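Note: the block below is query24.cif and it holds mmCIF, C-alpha atoms.
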```cif
data_work
loop_
_atom_site.label_atom_id
_atom_site.label_comp_id
_atom_site.auth_asym_id
_atom_site.auth_seq_id
_atom_site.Cartn_x
_atom_site.Cartn_y
_atom_site.Cartn_z
CA MET A 275 72.22 -29.11 197.01
CA LYS A 276 71.73 -32.14 194.77
CA TYR A 277 69.96 -34.02 197.58
CA LEU A 278 67.84 -30.97 198.40
CA LEU A 279 66.62 -30.78 194.81
CA LEU A 280 65.83 -34.50 194.87
CA LEU A 281 63.82 -34.12 198.07
CA CYS A 282 61.93 -31.16 196.60
CA SER A 283 61.12 -33.18 193.49
CA LEU A 284 59.86 -36.10 195.54
CA PHE A 285 57.77 -33.75 197.66
CA LEU A 286 56.13 -32.20 194.60
CA VAL A 287 55.29 -35.62 193.17
CA THR A 288 53.91 -36.75 196.52
CA VAL A 289 51.63 -33.80 197.09
CA GLN A 290 50.34 -33.47 193.54
CA ALA A 291 46.92 -35.07 193.36
CA SER A 292 43.57 -34.60 191.70
CA ASP A 293 42.16 -31.11 192.06
CA LEU A 294 39.34 -32.02 194.46
CA GLY A 295 38.04 -28.46 194.47
CA LYS A 296 37.58 -28.63 190.72
CA GLU A 297 36.00 -32.07 191.06
CA GLN A 298 33.47 -30.62 193.51
CA ARG A 299 32.70 -27.69 191.22
CA TRP A 300 32.14 -30.10 188.33
CA ALA A 301 29.92 -32.23 190.57
CA ASP A 302 27.83 -29.25 191.67
CA GLN A 303 27.17 -28.39 188.03
CA THR A 304 26.79 -31.94 186.78
CA VAL A 305 24.34 -33.40 189.30
CA ASP A 306 21.74 -30.76 188.48
CA SER A 307 22.13 -31.42 184.74
CA ILE A 308 21.52 -35.18 184.80
CA LEU A 309 18.40 -36.07 182.83
CA ASP A 310 19.19 -39.74 182.19
CA GLY A 311 20.51 -41.80 185.08
CA GLU A 312 21.24 -40.96 188.70
CA ALA A 313 24.20 -39.56 190.60
CA VAL A 314 26.06 -42.14 192.68
CA TRP A 315 28.93 -41.28 195.01
CA LEU A 316 31.59 -43.98 194.93
CA LYS A 317 34.26 -44.32 197.59
CA THR A 318 37.91 -45.30 197.74
CA ASP A 319 39.94 -45.54 200.92
CA LYS A 320 40.81 -41.85 200.62
CA LEU A 321 37.88 -40.04 199.01
CA LYS A 322 34.45 -40.14 197.46
CA PHE A 323 33.83 -39.19 193.85
CA LEU A 324 30.91 -38.67 191.52
CA SER A 325 29.60 -41.25 189.09
CA ILE A 326 26.42 -41.52 187.05
CA TYR A 327 24.60 -44.84 186.86
CA THR A 328 22.14 -45.35 184.01
CA GLU A 329 20.18 -48.58 183.81
CA ALA A 330 19.68 -50.45 180.56
CA GLU A 331 16.26 -50.04 178.98
CA GLU A 332 15.65 -53.75 179.49
CA GLU A 333 16.87 -55.87 182.39
CA SER A 334 20.44 -56.89 181.74
CA GLU A 335 23.56 -58.27 183.42
CA LEU A 336 25.88 -56.23 181.19
CA GLY A 337 27.79 -53.31 182.70
CA MET A 338 29.88 -50.59 181.08
CA ILE A 339 32.29 -48.24 182.87
CA VAL A 340 32.57 -44.98 180.91
CA VAL A 341 35.77 -43.01 181.43
CA HIS A 342 36.16 -39.37 180.34
CA GLY A 343 39.24 -37.56 179.04
CA THR A 344 41.51 -34.84 180.36
CA GLY A 345 40.10 -32.41 182.91
CA ILE A 346 36.38 -32.94 182.34
CA HIS A 347 33.50 -34.81 184.03
CA PRO A 348 31.27 -37.91 183.68
CA ASN A 349 28.43 -36.13 181.90
CA TRP A 350 30.50 -34.34 179.26
CA ASP A 351 28.46 -33.69 176.10
CA GLN A 352 31.10 -35.00 173.70
CA VAL A 353 31.71 -38.76 173.52
CA VAL A 354 31.03 -39.39 177.24
CA LYS A 355 27.33 -38.57 177.50
CA PRO A 356 26.41 -40.09 174.13
CA VAL A 357 28.09 -43.36 175.12
CA ARG A 358 26.70 -43.52 178.67
CA VAL A 359 23.14 -42.80 177.51
CA GLU A 360 22.89 -44.44 174.08
CA MET A 361 24.50 -47.72 175.10
CA THR A 362 21.62 -48.33 177.54
CA THR A 363 19.39 -48.88 174.49
CA TYR A 364 21.64 -51.80 173.53
CA GLY A 365 21.35 -53.59 176.86
CA TRP A 366 24.21 -52.01 178.78
CA ASN A 367 23.93 -50.59 182.31
CA THR A 368 26.43 -47.73 182.23
CA LEU A 369 28.47 -46.18 185.03
CA SER A 370 30.28 -43.00 184.04
CA ILE A 371 32.90 -42.02 186.60
CA GLN A 372 34.88 -38.95 187.61
CA MET A 373 38.60 -39.47 187.06
CA PRO A 374 41.47 -37.48 188.61
CA ILE A 375 41.80 -34.02 187.04
CA LEU A 376 44.06 -30.98 187.04
CA HIS A 377 43.76 -27.34 185.97
CA ASN A 378 42.66 -26.61 182.41
CA GLU A 379 46.15 -25.88 181.09
CA ALA A 380 47.67 -29.16 182.33
CA THR A 381 49.39 -31.32 179.71
CA TYR A 382 49.30 -35.11 179.37
CA ASP A 383 52.67 -35.34 181.08
CA ASP A 384 51.47 -33.12 183.96
CA TYR A 385 49.02 -35.93 184.73
CA VAL A 386 51.68 -38.58 185.31
CA PRO A 387 51.77 -38.12 189.14
CA LEU A 388 47.98 -38.67 189.23
CA TYR A 389 48.06 -42.16 187.74
CA PRO A 390 48.50 -43.92 191.10
CA GLU A 391 44.99 -42.61 191.92
CA VAL A 392 43.45 -44.32 188.90
CA PRO A 393 43.23 -47.98 190.05
CA ALA A 394 41.21 -47.24 193.19
CA ARG A 395 38.56 -45.37 191.21
CA LEU A 396 38.18 -48.03 188.55
CA LYS A 397 38.13 -50.76 191.18
CA ALA A 398 35.36 -48.88 193.03
CA ALA A 399 33.40 -48.71 189.76
CA GLU A 400 33.83 -52.44 189.21
CA ASP A 401 32.70 -53.20 192.75
CA TYR A 402 29.60 -51.05 192.34
CA LEU A 403 28.55 -52.80 189.13
CA LEU A 404 29.15 -56.22 190.64
CA ALA A 405 26.95 -55.22 193.58
CA GLN A 406 24.16 -54.44 191.11
CA GLY A 407 24.25 -58.01 189.84
CA ILE A 408 26.32 -57.23 186.75
CA LYS A 409 28.03 -60.34 185.32
CA LYS A 410 30.04 -58.86 182.45
CA ILE A 411 31.94 -55.57 182.68
CA VAL A 412 33.58 -53.61 179.87
CA ILE A 413 35.38 -50.27 179.88
CA VAL A 414 34.74 -47.63 177.22
CA ALA A 415 37.15 -44.73 177.63
CA HIS A 416 38.05 -41.56 175.75
CA SER A 417 41.33 -39.71 175.26
CA GLN A 418 43.46 -39.65 178.43
CA GLY A 419 40.76 -41.70 180.10
CA SER A 420 41.68 -44.51 177.72
CA THR A 421 45.35 -44.20 178.68
CA MET A 422 44.36 -44.31 182.36
CA SER A 423 42.16 -47.35 181.74
CA ALA A 424 44.93 -49.14 179.82
CA TYR A 425 47.30 -48.42 182.71
CA TYR A 426 44.78 -49.93 185.14
CA LEU A 427 44.16 -53.03 183.04
CA ALA A 428 47.87 -53.66 182.55
CA ASN A 429 48.87 -53.34 186.20
CA ASN A 430 45.98 -54.60 188.31
CA ASP A 431 43.77 -57.63 188.82
CA HIS A 432 40.34 -56.81 187.43
CA ASN A 433 36.98 -58.17 186.31
CA VAL A 434 36.89 -56.39 182.95
CA SER A 435 36.04 -58.51 179.91
CA ALA A 436 36.76 -56.03 177.12
CA PHE A 437 38.13 -52.54 176.55
CA VAL A 438 37.18 -49.87 174.00
CA ALA A 439 39.76 -47.08 173.72
CA ILE A 440 38.56 -43.98 171.85
CA GLY A 441 41.19 -41.51 170.67
CA MET A 442 43.97 -43.10 172.72
CA GLN A 443 47.44 -41.71 172.10
CA ALA A 444 50.78 -43.16 173.16
CA THR A 445 52.80 -39.97 173.58
CA GLN A 446 53.56 -39.88 177.31
CA LYS A 447 57.27 -39.58 178.03
CA ASP A 448 56.92 -41.77 181.12
CA VAL A 449 57.09 -45.28 179.68
CA ASP A 450 55.14 -46.77 182.59
CA ILE A 451 52.19 -44.52 181.73
CA ASN A 452 52.45 -44.69 177.94
CA ALA A 453 49.54 -46.58 176.37
CA ALA A 454 51.85 -48.62 174.15
CA THR A 455 53.57 -49.98 177.26
CA SER A 456 50.22 -50.88 178.82
CA LEU A 457 49.04 -52.65 175.67
CA GLN A 458 51.99 -55.02 175.93
CA SER A 459 50.42 -56.52 179.07
CA ILE A 460 46.72 -56.45 178.15
CA THR A 461 45.25 -59.74 176.93
CA ILE A 462 41.50 -59.05 176.94
CA PRO A 463 39.76 -57.95 173.71
CA VAL A 464 40.59 -54.34 172.80
CA LEU A 465 38.98 -52.04 170.23
CA ASP A 466 41.34 -49.14 169.48
CA LEU A 467 38.99 -46.63 167.87
CA TYR A 468 40.00 -43.29 166.35
CA GLY A 469 39.00 -40.72 163.75
CA SER A 470 40.67 -39.83 160.47
CA ASP A 471 40.94 -36.21 161.71
CA ASP A 472 41.98 -37.14 165.26
CA LEU A 473 44.73 -35.43 167.25
CA PRO A 474 48.30 -35.74 165.89
CA GLY A 475 49.29 -37.68 169.00
CA VAL A 476 46.64 -40.28 168.20
CA LEU A 477 47.37 -40.58 164.49
CA GLN A 478 51.14 -40.63 164.91
CA THR A 479 51.08 -43.50 167.40
CA VAL A 480 48.67 -45.86 165.63
CA GLY A 481 51.58 -48.03 164.51
CA ALA A 482 53.23 -48.06 167.93
CA LYS A 483 50.03 -49.24 169.59
CA LYS A 484 49.43 -51.94 167.01
CA GLN A 485 52.97 -53.22 167.42
CA ALA A 486 52.69 -53.18 171.22
CA ALA A 487 49.50 -55.23 171.05
CA GLY A 488 50.95 -57.75 168.58
CA HIS A 489 50.61 -60.58 171.11
CA ASN A 490 46.87 -59.95 171.52
CA LYS A 491 44.88 -61.62 168.76
CA LYS A 492 41.75 -59.91 170.10
CA TYR A 493 43.17 -56.42 169.57
CA GLN A 494 41.58 -54.46 166.71
CA GLN A 495 42.03 -50.95 165.37
CA GLN A 496 39.20 -49.13 163.63
CA LEU A 497 39.21 -45.81 161.83
CA ILE A 498 36.04 -43.70 161.57
CA GLN A 499 36.32 -41.56 158.48
CA GLY A 500 35.74 -37.83 158.99
CA ALA A 501 35.74 -38.01 162.79
CA GLU A 502 37.91 -35.72 164.91
CA HIS A 503 38.96 -36.29 168.50
CA PHE A 504 35.58 -35.47 170.06
CA PHE A 505 33.53 -37.16 167.32
CA ASP A 506 31.37 -34.08 166.79
CA ASP A 507 28.53 -34.97 164.39
CA LYS A 508 29.80 -38.57 164.41
CA ASN A 509 28.03 -39.92 167.48
CA ASP A 510 25.95 -42.38 165.45
CA GLU A 511 29.04 -43.81 163.82
CA LEU A 512 30.78 -44.01 167.19
CA ILE A 513 27.94 -45.88 168.88
CA GLU A 514 27.53 -48.20 165.91
CA ALA A 515 31.24 -49.10 165.94
CA ILE A 516 31.21 -49.86 169.67
CA THR A 517 27.98 -51.85 169.47
CA ARG A 518 28.98 -53.99 166.49
CA TRP A 519 32.33 -54.85 168.06
CA LEU A 520 30.79 -55.79 171.40
CA GLU A 521 28.14 -57.89 169.69
CA LYS A 522 30.86 -59.92 167.94
CA LEU A 523 32.30 -60.80 171.32
#
```

Conversion result in structure tokens:
Amino acid sequence: MKYLLLLCSLFLVTVQASDLGKEQRWADQTVDSILDGEAVWLKTDKLKFLSIYTEAEEESELGMIVVHGTGIHPNWDQVVKPVRVEMTTYGWNTLSIQMPILHNEATYDDYVPLYPEVPARLKAAEDYLLAQGIKKIVIVAHSQGSTMSAYYLANNDHNVSAFVAIGMQATQKDVDINAATSLQSITIPVLDLYGSDDLPGVLQTVGAKKQAAGHNKKYQQQLIQGAEHFFDDKNDELIEAITRWLEKL
């Protein structure tokens, strides 16, 4: 019986993957709503997924991968769309990508089996930007997207020069997924950005993340006063914080 339960558990972990039906429904809605940028279908060895490429207002060799949070899509009105559109006015070509997703009620820990799917998507995004002549790539990610991005940066070879994590929490029970674990292995510049009214999981793990990144002299935390997790009515402050930090690099 013990071995049967183990086999069942392994089977469930193996078959659990991104909800491709939900991804397609999001894509059907999103493509028709794009006013800035164009839909681009990126490919991994196993699937194709939606991304939105938006060129900088002036010719530039700077590229930004924008990564959304739990269960949503690459043109989400909060955080994601403001970043992918507004940063083009500061010389960044942006590529906002669809990440693996589950049903709406899924928790952070429900997403753990999906993390092996993350590297292929971010690598495909890197490859696309490099093919456009981009010379410098950064990742700007929100919520669970920042945890996924940290996991990618900590465990894979990459061409990313800097990482902006917005509302990143380190609450996952699986230590291999937990953002604090990932930060221990990341050496590129990191801006850990959060709001004073952010989620409890973000605010309660500020110290753990800072401690985990103690080896990285280019790691910086920044608090935006009055901002909650989705930075409603704080988009200007969000864009300004990202822009000023990137300009210092």

Each residue of segment 431-482 of chain A lying at most 8 Å from segment 499-516 of chain A should get a row with its shortest atom-to-atom pair and the distance in Å to one decimal, counting only C-alpha atoms; could you produce that, ordered by chain and increasing number, as CSV?
```
residue,atom,partner,partner_atom,distance
A:Val438,CA,A:Ile516,CA,7.4
A:Gly441,CA,A:His503,CA,6.1
A:Tyr468,CA,A:His503,CA,7.4
A:Gly469,CA,A:Ala501,CA,4.3
A:Ser470,CA,A:Gln499,CA,5.1
A:Asp471,CA,A:Glu502,CA,4.4
A:Asp472,CA,A:Glu502,CA,4.3
A:Leu473,CA,A:His503,CA,6.0
```

For the provided coordinates, the residues matched by the PyMOL selection byres ((chain A and resi 346) around 10) should be stated as a short mmCIF file (atom, residue, chain, number, x, y, z; two decimals) with C-alpha atoms, in the frame of the given file.
```cif
data_model
loop_
_atom_site.label_atom_id
_atom_site.label_comp_id
_atom_site.auth_asym_id
_atom_site.auth_seq_id
_atom_site.Cartn_x
_atom_site.Cartn_y
_atom_site.Cartn_z
CA LYS A 296 37.58 -28.63 190.72
CA GLU A 297 36.00 -32.07 191.06
CA TRP A 300 32.14 -30.10 188.33
CA HIS A 342 36.16 -39.37 180.34
CA GLY A 343 39.24 -37.56 179.04
CA THR A 344 41.51 -34.84 180.36
CA GLY A 345 40.10 -32.41 182.91
CA HIS A 347 33.50 -34.81 184.03
CA PRO A 348 31.27 -37.91 183.68
CA ASN A 349 28.43 -36.13 181.90
CA TRP A 350 30.50 -34.34 179.26
CA VAL A 354 31.03 -39.39 177.24
CA GLN A 372 34.88 -38.95 187.61
CA MET A 373 38.60 -39.47 187.06
CA PRO A 374 41.47 -37.48 188.61
CA ILE A 375 41.80 -34.02 187.04
CA LEU A 376 44.06 -30.98 187.04
CA HIS A 377 43.76 -27.34 185.97
CA ASN A 378 42.66 -26.61 182.41
#
```

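Interatomic distance, atom CA of Ser325 of chain A against atom CA of Glu312 of chain A: 8.4 Å.
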
Would you mind telling me which residue in A:Ala415, A:Ala444, A:Val480, A:Leu324 lies nearest to Asp383 of chain A when using all atoms listed in the file? A:Ala444

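Across the structure, atom CA of Leu388 of chain A and atom CA of Tyr426 of chain A are spaced 12.4 Å apart.
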
Atom CA of Ala291 of chain A to atom CA of Ala439 of chain A, distance in Å rounded to a single decimal: 24.1 Å

Taking all atoms of segment 356-368 of chain A that the file lists and extending 4 Å past them on each side, where is the centre of the axis-aligned box and how long are its edges? Answer in Å to one decimal, as JSON.
```
{"center_x": 23.7, "center_y": -46.8, "center_z": 177.9, "size_x": 16.7, "size_y": 21.5, "size_z": 16.8}
```
